[in-house]
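For reference, final.pdb (PDB, C-alpha atoms):
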ATOM      1  CA  MET A   1     -69.905-108.365 -89.135
ATOM      2  CA  ALA A   2     -68.424-111.302 -90.833
ATOM      3  CA  LYS A   3     -64.705-111.389 -90.781
ATOM      4  CA  HIS A   4     -62.860-112.368 -93.911
ATOM      5  CA  ILE A   5     -59.931-114.519 -93.142
ATOM      6  CA  LEU A   6     -57.198-114.304 -95.760
ATOM      7  CA  SER A   7     -55.208-117.434 -96.061
ATOM      8  CA  ALA A   8     -51.771-117.205 -97.697
ATOM      9  CA  LYS A   9     -51.321-119.605-100.540
ATOM     10  CA  PRO A  10     -48.124-121.603-100.390
ATOM     11  CA  MET A  11     -45.446-120.466-102.861
ATOM     12  CA  PRO A  12     -44.583-122.864-105.633
ATOM     13  CA  ASP A  13     -41.437-124.820-105.004
ATOM     14  CA  SER A  14     -39.880-123.284-108.108
ATOM     15  CA  LEU A  15     -40.133-119.796-106.580
ATOM     16  CA  SER A  16     -38.712-120.753-103.181
ATOM     17  CA  ARG A  17     -35.569-122.274-104.648
ATOM     18  CA  THR A  18     -32.493-120.620-106.101
ATOM     19  CA  PRO A  19     -31.911-120.682-109.874
ATOM     20  CA  ILE A  20     -29.136-123.218-109.407
ATOM     21  CA  GLU A  21     -31.420-125.492-107.392
ATOM     22  CA  ASN A  22     -34.107-125.214-110.064
ATOM     23  CA  ALA A  23     -31.600-126.158-112.763
ATOM     24  CA  LEU A  24     -30.325-129.113-110.772
ATOM     25  CA  SER A  25     -33.864-130.356-110.134
ATOM     26  CA  ARG A  26     -34.382-130.674-113.875
ATOM     27  CA  LEU A  27     -31.253-132.808-114.312
ATOM     28  CA  ASP A  28     -31.235-136.517-113.797
ATOM     29  CA  ALA A  29     -28.478-138.315-111.923
ATOM     30  CA  THR A  30     -26.646-139.326-115.095
ATOM     31  CA  SER A  31     -26.427-135.737-116.321
ATOM     32  CA  ILE A  32     -25.101-134.529-112.969
ATOM     33  CA  ILE A  33     -22.405-137.217-112.908
ATOM     34  CA  ALA A  34     -21.389-136.395-116.476
ATOM     35  CA  ALA A  35     -21.113-132.697-115.637
ATOM     36  CA  CYS A  36     -18.923-133.452-112.617
ATOM     37  CA  VAL A  37     -16.627-135.672-114.685
ATOM     38  CA  ILE A  38     -16.216-132.941-117.307
ATOM     39  CA  ALA A  39     -15.460-130.333-114.633
ATOM     40  CA  VAL A  40     -12.800-132.538-113.046
ATOM     41  CA  ALA A  41     -11.218-133.228-116.450
ATOM     42  CA  VAL A  42     -11.045-129.515-117.246
ATOM     43  CA  CYS A  43      -9.405-128.787-113.879
ATOM     44  CA  LEU A  44      -6.782-131.497-114.448
ATOM     45  CA  LEU A  45      -6.000-130.191-117.936
ATOM     46  CA  LEU A  46      -5.570-126.640-116.654
ATOM     47  CA  ARG A  47      -3.365-127.842-113.799
ATOM     48  CA  SER A  48      -1.133-129.785-116.212
ATOM     49  CA  TYR A  49      -0.929-126.799-118.560
ATOM     50  CA  PHE A  50       0.192-124.328-115.891
ATOM     51  CA  ARG A  51       2.712-126.809-114.475
ATOM     52  CA  SER A  52       4.292-127.234-117.914
ATOM     53  CA  ARG A  53       4.443-123.458-118.294
ATOM     54  CA  ARG A  54       6.284-123.161-114.974
ATOM     55  CA  ARG A  55       8.754-125.874-115.977
ATOM     56  CA  GLY A  56       9.398-124.086-119.239
ATOM     57  CA  ARG A  57      10.173-120.799-117.493
ATOM     58  CA  THR A  58      12.625-122.330-115.034
ATOM     59  CA  GLY A  59      14.410-124.737-117.333
ATOM     60  CA  GLY A  60      16.992-122.370-118.828
ATOM     61  CA  THR A  61      17.184-122.126-122.606
ATOM     62  CA  ALA A  62      15.710-125.566-123.262
ATOM     63  CA  THR A  63      12.047-124.795-122.657
ATOM     64  CA  ILE A  64      10.546-127.584-124.768
ATOM     65  CA  THR A  65       9.308-130.538-122.734
ATOM     66  CA  ASP A  66       8.382-133.558-124.834
ATOM     67  CA  ARG A  67       8.094-137.142-123.687
ATOM     68  CA  ARG A  68       9.604-138.231-127.000
ATOM     69  CA  LEU A  69      12.950-136.797-125.866
ATOM     70  CA  GLY A  70      13.371-139.817-123.602
ATOM     71  CA  ASN A  71      13.553-142.079-126.663
ATOM     72  CA  PRO A  72      17.033-142.234-128.293
ATOM     73  CA  ALA A  73      15.471-143.069-131.666
ATOM     74  CA  GLU A  74      13.344-139.923-131.479
ATOM     75  CA  GLN A  75      16.394-137.909-130.429
ATOM     76  CA  MET A  76      18.236-139.102-133.533
ATOM     77  CA  ARG A  77      15.275-138.141-135.694
ATOM     78  CA  PHE A  78      15.207-134.655-134.165
ATOM     79  CA  VAL A  79      18.965-134.206-134.666
ATOM     80  CA  GLU A  80      18.783-135.339-138.282
ATOM     81  CA  ALA A  81      15.904-132.961-139.008
ATOM     82  CA  VAL A  82      17.899-129.719-138.604
ATOM     83  CA  ALA A  83      21.163-128.192-139.813
ATOM     84  CA  TRP A  84      23.981-127.651-137.320
ATOM     85  CA  GLU A  85      26.856-125.218-136.828
ATOM     86  CA  THR A  86      29.555-124.616-134.238
ATOM     87  CA  GLN A  87      29.316-121.891-131.627
ATOM     88  CA  PRO A  88      32.034-120.301-129.465
ATOM     89  CA  LEU A  89      32.688-122.096-126.199
ATOM     90  CA  LEU A  90      33.649-118.746-124.642
ATOM     91  CA  ASN A  91      32.587-115.206-125.407
ATOM     92  CA  LYS A  92      35.047-112.408-126.143
ATOM     93  CA  SER A  93      35.246-111.242-122.532
ATOM     94  CA  GLU A  94      35.791-114.757-121.140
ATOM     95  CA  TYR A  95      38.613-115.678-123.519
ATOM     96  CA  PRO A  96      41.231-113.359-121.917
ATOM     97  CA  VAL A  97      40.530-115.042-118.577
ATOM     98  CA  LEU A  98      41.290-118.420-120.148
ATOM     99  CA  LEU A  99      44.584-117.139-121.554
ATOM    100  CA  LEU A 100      45.546-115.705-118.165
ATOM    101  CA  LEU A 101      44.798-118.950-116.321
ATOM    102  CA  GLU A 102      46.699-121.008-118.886
ATOM    103  CA  SER A 103      49.687-118.696-118.549
ATOM    104  CA  VAL A 104      49.757-119.109-114.763
ATOM    105  CA  ALA A 105      49.364-122.893-115.032
ATOM    106  CA  ARG A 106      52.339-123.104-117.403
ATOM    107  CA  GLU A 107      54.409-120.828-115.176
ATOM    108  CA  VAL A 108      53.866-122.957-112.079
ATOM    109  CA  ASN A 109      54.793-126.026-114.146
ATOM    110  CA  GLY A 110      53.104-128.506-111.851
ATOM    111  CA  GLY A 111      51.121-130.489-114.390
ATOM    112  CA  PHE A 112      48.052-128.265-114.100
ATOM    113  CA  ARG A 113      45.506-127.944-116.935
ATOM    114  CA  VAL A 114      42.703-125.421-117.499
ATOM    115  CA  MET A 115      39.214-126.630-118.474
ATOM    116  CA  ALA A 116      36.353-124.393-119.622
ATOM    117  CA  GLN A 117      32.584-124.616-119.160
ATOM    118  CA  THR A 118      32.799-127.680-116.960
ATOM    119  CA  SER A 119      29.804-129.387-115.387
ATOM    120  CA  LEU A 120      30.063-129.500-111.601
ATOM    121  CA  GLY A 121      28.808-133.072-111.672
ATOM    122  CA  GLU A 122      31.937-134.090-113.591
ATOM    123  CA  VAL A 123      34.400-132.802-110.982
ATOM    124  CA  LEU A 124      32.459-133.020-107.698
ATOM    125  CA  ARG A 125      30.551-135.759-105.915
ATOM    126  CA  PRO A 126      29.202-136.222-102.376
ATOM    127  CA  ILE A 127      31.242-138.281 -99.946
ATOM    128  CA  LYS A 128      29.571-141.649 -99.395
ATOM    129  CA  THR A 129      27.536-141.857 -96.202
ATOM    130  CA  LEU A 130      24.622-143.899 -94.908
ATOM    131  CA  ASN A 131      22.192-141.241 -96.120
ATOM    132  CA  GLU A 132      21.886-142.136 -99.797
ATOM    133  CA  GLU A 133      18.871-139.887-100.348
ATOM    134  CA  ALA A 134      20.761-136.821 -99.113
ATOM    135  CA  GLU A 135      23.656-137.660-101.447
ATOM    136  CA  GLN A 136      21.362-138.012-104.455
ATOM    137  CA  LEU A 137      19.538-134.761-103.735
ATOM    138  CA  ALA A 138      22.801-132.877-103.228
ATOM    139  CA  TYR A 139      24.311-134.248-106.433
ATOM    140  CA  ALA A 140      21.178-133.435-108.439
ATOM    141  CA  SER A 141      21.385-129.865-107.130
ATOM    142  CA  ILE A 142      24.807-129.285-108.715
ATOM    143  CA  ASN A 143      25.023-131.768-111.578
ATOM    144  CA  SER A 144      23.626-129.530-114.341
ATOM    145  CA  LYS A 145      25.404-126.375-113.158
ATOM    146  CA  ARG A 146      28.563-125.249-114.938
ATOM    147  CA  VAL A 147      31.562-123.228-113.883
ATOM    148  CA  ASP A 148      33.433-121.067-116.382
ATOM    149  CA  PHE A 149      36.907-122.463-115.662
ATOM    150  CA  VAL A 150      38.392-125.290-113.619
ATOM    151  CA  ILE A 151      42.110-125.896-113.115
ATOM    152  CA  ILE A 152      42.877-129.565-112.542
ATOM    153  CA  ASP A 153      46.080-131.148-111.248
ATOM    154  CA  ARG A 154      48.038-133.990-112.840
ATOM    155  CA  THR A 155      45.605-136.515-111.302
ATOM    156  CA  GLY A 156      42.634-134.821-112.980
ATOM    157  CA  ARG A 157      41.143-133.431-109.767
ATOM    158  CA  ALA A 158      39.884-129.860-109.472
ATOM    159  CA  VAL A 159      42.123-127.420-107.608
ATOM    160  CA  VAL A 160      40.701-124.011-108.524
ATOM    161  CA  ALA A 161      37.293-123.020-109.890
ATOM    162  CA  VAL A 162      37.009-119.603-111.552
ATOM    163  CA  GLU A 163      33.680-117.915-112.259
ATOM    164  CA  TYR A 164      33.755-114.906-114.566
ATOM    165  CA  GLN A 165      31.024-112.420-113.703
ATOM    166  CA  GLY A 166      30.746-110.503-116.946
ATOM    167  CA  THR A 167      28.055-108.155-118.145
ATOM    168  CA  GLY A 168      24.696-109.848-118.016
ATOM    169  CA  HIS A 169      25.911-112.409-115.490
ATOM    170  CA  TYR A 170      23.496-111.395-112.752
ATOM    171  CA  GLN A 171      20.215-112.381-114.336
ATOM    172  CA  GLY A 172      17.403-114.394-112.827
ATOM    173  CA  THR A 173      18.709-116.650-110.067
ATOM    174  CA  ALA A 174      22.416-116.033-110.803
ATOM    175  CA  LEU A 175      23.202-115.017-107.226
ATOM    176  CA  GLN A 176      21.673-118.198-105.839
ATOM    177  CA  ARG A 177      23.422-120.353-108.448
ATOM    178  CA  ASP A 178      26.783-118.779-107.631
ATOM    179  CA  ALA A 179      26.199-119.362-103.925
ATOM    180  CA  ILE A 180      25.457-123.052-104.560
ATOM    181  CA  LYS A 181      28.585-123.452-106.698
ATOM    182  CA  ARG A 182      30.726-121.689-104.098
ATOM    183  CA  GLU A 183      29.401-123.873-101.282
ATOM    184  CA  ALA A 184      29.937-127.118-103.188
ATOM    185  CA  PHE A 185      33.488-126.289-104.296
ATOM    186  CA  GLN A 186      34.594-125.025-100.910
ATOM    187  CA  LYS A 187      33.191-128.096 -99.148
ATOM    188  CA  ALA A 188      35.186-130.212-101.619
ATOM    189  CA  ASN A 189      38.369-128.329-100.688
ATOM    190  CA  VAL A 190      38.509-126.493-104.033
ATOM    191  CA  ALA A 191      39.300-122.776-104.172
ATOM    192  CA  PHE A 192      36.541-120.679-105.734
ATOM    193  CA  ILE A 193      37.615-117.402-107.352
ATOM    194  CA  GLU A 194      35.124-114.890-108.724
ATOM    195  CA  VAL A 195      36.448-112.555-111.423
ATOM    196  CA  SER A 196      34.608-109.310-112.151
ATOM    197  CA  THR A 197      34.321-107.597-115.524
ATOM    198  CA  LYS A 198      37.020-105.022-114.778
ATOM    199  CA  PHE A 199      39.444-107.479-113.232
ATOM    200  CA  ASP A 200      43.095-106.784-112.579
ATOM    201  CA  SER A 201      45.157-109.425-114.386
ATOM    202  CA  ALA A 202      48.011-109.190-111.891
ATOM    203  CA  ASP A 203      45.704-109.704-108.909
ATOM    204  CA  VAL A 204      43.975-112.710-110.462
ATOM    205  CA  ALA A 205      47.289-114.244-111.534
ATOM    206  CA  ARG A 206      48.736-113.738-108.055
ATOM    207  CA  ALA A 207      45.774-115.414-106.350
ATOM    208  CA  VAL A 208      45.719-118.390-108.724
ATOM    209  CA  ARG A 209      49.504-118.826-108.638
ATOM    210  CA  SER A 210      49.519-118.890-104.838
ATOM    211  CA  ILE A 211      46.912-121.656-104.743
ATOM    212  CA  LEU A 212      48.616-123.767-107.408
ATOM    213  CA  VAL A 213      52.043-123.494-105.781
ATOM    214  CA  ARG A 214      50.671-124.477-102.386
ATOM    215  CA  HIS A 215      48.711-127.363-103.905
ATOM    216  CA  ALA A 216      51.711-128.670-105.822
ATOM    217  CA  GLY A 217      53.699-128.901-102.597
ATOM    218  CA  SER A 218      50.993-130.424-100.419
ATOM    219  CA  ARG A 219      49.568-133.914-100.055
ATOM    220  CA  PRO A 220      46.613-134.000 -99.671
ATOM    221  CA  PRO A 221      45.581-130.690-101.294
ATOM    222  CA  LEU A 222      45.246-127.677 -99.072
ATOM    223  CA  ALA A 223      41.895-126.153 -98.202
ATOM    224  CA  SER A 224      40.635-123.296-100.350
ATOM    225  CA  VAL A 225      41.900-119.864 -99.409
TER     226      VAL A 225
END
This entry written out as structure tokens:
Amino acid sequence: MAKHILSAKPMPDSLSRTPIENALSRLDATSIIAACVIAVAVCLLLRSYFRSRRRGRTGGTATITDRRLGNPAEQMRFVEAVAWETQPLLNKSEYPVLLLLESVAREVNGGFRVMAQTSLGEVLRPIKTLNEEAEQLAYASINSKRVDFVIIDRTGRAVVAVEYQGTGHYQGTALQRDAIKREAFQKANVAFIEVSTKFDSADVARAVRSILVRHAGSRPPLASV
């Protein structure tokens, strides 16, 4: 009996390959390169977009980032384009703290003055060392931060920093910001007093008065207490 030998026919290449491989086989080198360039461009655009979104969320109230803001002429154009009005430097709950601090400063009569909403970079700076990079990084970390009140002596140097922790104070990274302020002031030998919403005027006045009296009678200033 004759035996029939079945021979398997080889599968077409198109059936043995994946759909992606089939699609790529129909593209020439130029098309593949063009597709790769487009994919890379899309990835870079998405990366830039999400980075700008992150900067906007962490930049406080000024969330607009525009390269034109680096040009003074453009800044003038932006300022001229809108109407302006004044706004209170302090809110209603902060104002009594200012009055209290001013009263204590006058009572001590040592040439002290009370400043409000002061930038830390205006009253603090790193001591010069050989590590310039560390100084620059440290200064940049505090420069844009503000403290509610600073009492300066007759030479214009900070003696007491007062942070009022009113309602709504502890939002976002407030705890971390307060810790950074506290560390910087204390390392600069400046007392840092935190005043809560329901503060006792007598207690705050007593603490501030004690520091001012001791400072007025000491050269150099005493360490923070």
(request) Would you write out, as a ChimeraX atom specification, every residue that the PyMOL selection byres ((chain A and resi 160) around 7) captures in this file? (result) /A:150-151,158-159,161-162,190-192
(request) Record the distance separating CA of Tyr164 (chain A) and CA of Ile142 (chain A), expressed in Å with one decimal. (result) 17.9 Å
Adding 6 Å on each side of the box along x, y and z that holds all listed atoms of region 195-200 of chain A, could you give its centre and edge lengths in Å to one decimal, as AutoDock Vina command-line options?
--center_x 38.7 --center_y -108.8 --center_z -113.5 --size_x 20.8 --size_y 19.5 --size_z 16.1
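Minimum atom-to-atom distances from A:Asp153, A:Glu194, A:Asp178, A:Asp148 to Leu98 (chain A) were compared using only C-alpha atoms, and the lowest value belongs to A:Asp148.
Rounded to one decimal, CA of Leu175 (chain A) and CA of Asn189 (chain A) lie 21.2 Å from each other.
Closest approach to Gly111 (chain A) among A:Arg67, A:Lys92, A:His215, A:Arg177 is made by A:His215 (distances from only C-alpha atoms).
Between CA of Ala116 (chain A) and CA of Val147 (chain A) the separation is 7.6 Å.
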(message) Show me, as a PyMOL selection string, the residues that have an atom within 8 Å of Ile152 (chain A) when counting all atoms listed in the file, minus same-chain residues fewer than 3 positions from it.
(response) chain A and resi 112-115+155-160
(message) Using the chain letters and numbers from this file, what does the PyMOL selection byres ((chain A and resi 97) around 10) select? Give the answer as a list in words.
(response) Leu90, Lys92, Ser93, Glu94, Tyr95, Pro96, Leu98, Leu99, Leu100, Leu101, Glu102, Ser103, Asp148, Phe149, Val162, Glu163, Tyr164, Val195, Phe199, Ser201, Val204 and Ala205 of chain A
Residues from last step as file, C-alpha atoms, as a PDB file, in the coordinates of the input:
ATOM      1  CA  LEU A  90      33.649-118.746-124.642  1.00  0.00           C
ATOM      2  CA  LYS A  92      35.047-112.408-126.143  1.00  0.00           C
ATOM      3  CA  SER A  93      35.246-111.242-122.532  1.00  0.00           C
ATOM      4  CA  GLU A  94      35.791-114.757-121.140  1.00  0.00           C
ATOM      5  CA  TYR A  95      38.613-115.678-123.519  1.00  0.00           C
ATOM      6  CA  PRO A  96      41.231-113.359-121.917  1.00  0.00           C
ATOM      7  CA  LEU A  98      41.290-118.420-120.148  1.00  0.00           C
ATOM      8  CA  LEU A  99      44.584-117.139-121.554  1.00  0.00           C
ATOM      9  CA  LEU A 100      45.546-115.705-118.165  1.00  0.00           C
ATOM     10  CA  LEU A 101      44.798-118.950-116.321  1.00  0.00           C
ATOM     11  CA  GLU A 102      46.699-121.008-118.886  1.00  0.00           C
ATOM     12  CA  SER A 103      49.687-118.696-118.549  1.00  0.00           C
ATOM     13  CA  ASP A 148      33.433-121.067-116.382  1.00  0.00           C
ATOM     14  CA  PHE A 149      36.907-122.463-115.662  1.00  0.00           C
ATOM     15  CA  VAL A 162      37.009-119.603-111.552  1.00  0.00           C
ATOM     16  CA  GLU A 163      33.680-117.915-112.259  1.00  0.00           C
ATOM     17  CA  TYR A 164      33.755-114.906-114.566  1.00  0.00           C
ATOM     18  CA  VAL A 195      36.448-112.555-111.423  1.00  0.00           C
ATOM     19  CA  PHE A 199      39.444-107.479-113.232  1.00  0.00           C
ATOM     20  CA  SER A 201      45.157-109.425-114.386  1.00  0.00           C
ATOM     21  CA  VAL A 204      43.975-112.710-110.462  1.00  0.00           C
ATOM     22  CA  ALA A 205      47.289-114.244-111.534  1.00  0.00           C
TER      23      ALA A 205
END
(message) Please enumerate the residues selected by the PyMOL selection byres ((chain A and resi 213) around 12) when evaluated against the supplied file, formatted as a list in words.
(response) Val104, Ala105, Arg106, Glu107, Val108, Asn109, Gly110, Gly111, Phe112, Asp153, Val159, Val160, Ala205, Arg206, Ala207, Val208, Arg209, Ser210, Ile211, Leu212, Arg214, His215, Ala216, Gly217, Ser218, Pro221 and Leu222 of chain A
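Each of A:Arg77, A:Arg68, A:Arg154, A:Arg125 was checked against Ser141 (chain A) using all atoms listed in the file; the smallest atom-to-atom distance is that of A:Arg125.
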